[in-house]
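final22.cif (mmCIF, C-alpha atoms) appears below.
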```cif
data_work
#
loop_
_atom_site.label_atom_id
_atom_site.label_comp_id
_atom_site.auth_asym_id
_atom_site.auth_seq_id
_atom_site.Cartn_x
_atom_site.Cartn_y
_atom_site.Cartn_z
CA MET A 13 18.53 41.54 72.72
CA LEU A 14 17.26 44.64 70.93
CA LEU A 15 18.94 48.03 70.81
CA ARG A 16 17.00 51.23 71.47
CA PRO A 17 17.79 54.37 69.45
CA ASP A 18 19.70 55.75 72.46
CA GLY A 19 21.98 52.69 72.40
CA SER A 20 20.55 50.99 75.50
CA ALA A 21 19.68 47.30 75.29
CA VAL A 22 16.43 45.46 75.92
CA ARG A 23 16.97 41.84 76.95
CA LEU A 24 14.12 39.58 75.89
CA GLY A 25 15.08 36.26 77.43
CA ASP A 26 13.66 34.52 74.34
CA PHE A 27 16.28 33.35 71.86
CA ASP A 28 13.62 32.63 69.22
CA ALA A 29 12.03 36.10 69.25
CA GLN A 30 11.82 37.63 65.79
CA PRO A 31 11.99 41.42 65.29
CA VAL A 32 8.86 42.63 63.45
CA VAL A 33 8.85 46.43 63.13
CA GLY A 34 9.72 49.25 65.52
CA ASN A 35 9.48 47.98 69.11
CA LEU A 36 7.53 44.85 68.17
CA VAL A 37 8.83 41.28 68.32
CA LEU A 38 7.08 37.98 67.59
CA THR A 39 7.62 35.03 69.90
CA GLY A 40 6.54 31.42 69.48
CA VAL A 41 8.15 28.52 67.70
CA ASP A 42 5.29 26.28 66.60
CA ARG A 43 1.61 25.59 67.29
CA SER A 44 2.46 24.16 70.73
CA THR A 45 3.74 27.53 72.01
CA PRO A 46 1.75 30.77 72.21
CA LEU A 47 2.37 33.16 69.34
CA LEU A 48 2.78 36.57 70.99
CA LEU A 49 3.27 40.01 69.48
CA ARG A 50 5.22 41.88 72.13
CA ASP A 51 5.97 45.59 72.42
CA VAL A 52 9.35 45.70 74.16
CA SER A 53 9.01 49.42 74.92
CA ASN A 54 6.08 49.02 77.29
CA GLY A 55 5.76 45.26 77.89
CA ALA A 56 2.36 44.96 76.19
CA ARG A 57 1.66 41.65 74.50
CA VAL A 58 -1.11 40.33 72.27
CA ARG A 59 -1.72 36.64 71.72
CA LEU A 60 -2.16 35.92 68.03
CA ARG A 61 -3.80 32.91 66.46
CA TRP A 62 -1.38 30.55 64.74
CA PRO A 63 -2.23 31.11 61.06
CA SER A 64 -0.28 28.31 59.42
CA GLU A 65 -0.98 24.60 59.19
CA PRO A 66 0.18 22.01 61.73
CA GLY A 67 3.77 20.95 61.14
CA TYR A 68 4.97 24.45 60.19
CA GLY A 69 7.35 26.41 62.41
CA LEU A 70 7.93 30.13 62.72
CA GLY A 71 10.67 31.41 60.44
CA GLU A 72 11.94 34.90 59.75
CA VAL A 73 9.88 38.07 59.94
CA THR A 74 10.43 41.07 57.66
CA GLY A 75 8.69 44.36 58.43
CA ASN A 76 7.84 46.91 55.77
CA PRO A 77 9.24 50.48 55.75
CA ASP A 78 6.14 52.18 57.18
CA GLY A 79 5.99 49.74 60.10
CA ARG A 80 2.45 48.52 59.58
CA PHE A 81 2.92 45.19 57.83
CA ALA A 82 5.34 42.30 58.20
CA VAL A 83 5.77 39.18 56.09
CA VAL A 84 6.01 36.22 58.44
CA GLU A 85 7.56 33.01 57.18
CA PHE A 86 6.28 29.66 58.38
CA ALA A 87 8.21 26.65 57.15
CA ARG A 88 8.07 22.87 57.05
CA TYR A 89 11.33 21.08 56.34
CA SER A 90 10.44 17.41 56.25
CA PRO A 91 9.83 15.31 54.23
CA GLU A 92 10.03 18.21 51.69
CA GLN A 93 10.57 21.92 52.21
CA TRP A 94 7.41 24.03 52.13
CA LEU A 95 7.08 27.76 52.65
CA ASP A 96 3.91 29.41 53.96
CA LEU A 97 3.92 33.22 53.90
CA TRP A 98 1.50 35.38 55.86
CA VAL A 99 1.27 39.16 56.24
CA LEU A 100 0.71 40.46 59.76
CA ASP A 101 -1.05 43.82 60.04
CA THR A 102 0.44 45.24 63.24
CA SER A 103 -2.30 47.87 63.57
CA THR A 104 -5.11 45.29 63.72
CA ASP A 105 -3.18 42.14 64.77
CA SER A 106 -4.79 40.34 61.82
CA TRP A 107 -3.34 37.93 59.26
CA GLN A 108 -3.59 37.81 55.48
CA HIS A 109 -2.43 34.70 53.64
CA LEU A 110 -0.31 35.42 50.60
CA PRO A 111 -1.91 33.97 47.47
CA GLY A 112 -0.66 30.56 46.40
CA MET A 113 0.72 29.64 49.81
CA PRO A 114 1.88 27.26 51.10
CA ALA A 115 4.22 26.43 48.25
CA ARG A 116 6.92 23.82 47.79
CA LEU A 117 9.85 26.23 47.85
CA ALA A 118 13.29 26.22 49.43
CA ALA A 119 12.22 27.51 52.85
CA LYS A 120 15.79 27.68 54.16
CA ALA A 121 16.84 29.77 51.15
CA ALA A 122 13.88 32.18 51.19
CA ASP A 123 14.53 35.91 51.52
CA VAL A 124 11.94 38.67 51.80
CA GLU A 125 12.46 42.40 51.24
CA TRP A 126 10.07 45.33 50.95
CA THR A 127 10.23 48.06 48.32
CA ALA A 128 9.76 51.72 49.27
CA ASP A 129 6.34 51.68 47.58
CA GLY A 130 5.06 48.78 49.71
CA ARG A 131 5.63 45.69 47.57
CA ALA A 132 6.88 42.52 49.23
CA VAL A 133 9.54 40.79 47.14
CA VAL A 134 10.29 37.14 47.89
CA LEU A 135 13.21 35.18 46.48
CA SER A 136 13.43 31.43 47.01
CA GLY A 137 15.88 29.53 44.86
CA ASP A 138 15.05 30.43 41.27
CA VAL A 139 11.58 31.80 42.04
CA LEU A 140 10.99 35.55 42.45
CA MET A 141 7.55 36.59 43.74
CA ILE A 142 6.10 40.10 44.17
CA TRP A 143 3.00 41.03 46.17
CA ARG A 144 1.29 44.31 47.06
CA ALA A 145 -1.50 44.72 49.63
CA GLY A 146 -4.78 43.96 47.90
CA ASP A 147 -3.27 41.76 45.19
CA ARG A 148 -5.23 38.55 44.66
CA ARG A 149 -2.26 36.83 43.00
CA LEU A 150 1.49 36.81 43.32
CA SER A 151 3.51 37.96 40.36
CA VAL A 152 5.92 35.06 39.82
CA ARG A 153 9.04 34.96 37.69
CA ARG A 154 11.86 32.45 37.27
CA VAL A 155 15.32 33.92 37.74
CA ARG A 156 18.82 32.58 37.44
CA PRO A 157 19.64 31.31 40.93
CA THR A 158 22.72 32.47 42.76
CA THR A 159 25.53 29.99 43.24
CA GLN A 160 26.49 31.52 46.58
CA THR A 161 24.85 29.74 49.49
CA GLY A 162 23.20 31.84 52.16
CA SER A 163 23.07 34.90 49.93
CA SER A 164 20.35 37.51 50.11
CA PHE A 165 19.29 40.31 47.81
CA VAL A 166 18.68 44.04 47.92
CA VAL A 167 15.66 45.80 46.44
CA TRP A 168 16.08 49.33 45.08
#
```

What do you get writing this file as structure tokens?
Amino acid sequence: MLLRPDGSAVRLGDFDAQPVVGNLVLTGVDRSTPLLLRDVSNGARVRLRWPSEPGYGLGEVTGNPDGRFAVVEFARYSPEQWLDLWVLDTSTDSWQHLPGMPARLAAKAADVEWTADGRAVVLSGDVLMIWRAGDRRLSVRRVRPTTQTGSSFVVW
């Protein structure tokens, strides 16, 4: 369910739907189900191509502050965890693969946040990655990992 600014609720009927930005949600679990970008305000939907490799499932989606882009996580958990990050441009319904992906990272422990100036910041275990639209490489740093499971981070 999504809440409108006036407090009313929109029921989706899809427990796996991921909020993208604004009124947009992404539905689809893996390559065997259609990947749809749905506008819950007017019912419009666009079928998107599945960008990731076979064996990867849809993870979390994190939209940027201006509402145009969203980092979409695709993950594979077995036999090892792999993370495949793609950026969805909601104005063109097109995909851009983040450089260096897929990567053998802790997919279940990955968090993505956007900075006010449009950088995507990804934290997975002890790896911190930063990307800005147009970058041909990720900026990667090792950080001291948190000892608290399920923690996330805040960018300021």

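Checking A:Asp147, A:Asp78, A:Asp105, A:Asp138 one by one against Leu47 (chain A), counting only C-alpha atoms, you find the shortest gap at A:Asp105.
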
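Of the listed residues (A:Ser136, A:Leu60, A:Leu48, A:Ala128), A:Ser136 comes nearest to Glu85 (chain A); the distances count all atoms listed in the file.
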
Handout entry: region 27-38 of chain A environment, 12 Å, all atoms listed in the file, sequence neighbours closer than 5 positions dropped, as a ChimeraX atom specification
Key = /A:13-17,21-22,45-60,62,69-85,99-103,105

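When CA of Ala87 (chain A) is paired with CA of Asp123 (chain A), their separation reads 12.5 Å.
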
Exercise for the section: Would you list the contacts of Gly112 (chain A) as a ChimeraX atom specification, taking every protein, DNA or RNA residue within 10 Å and counting only C-alpha atoms, but skipping same-chain residues closer than 3 positions in sequence? Expected result: /A:96-97,109,115,148-150
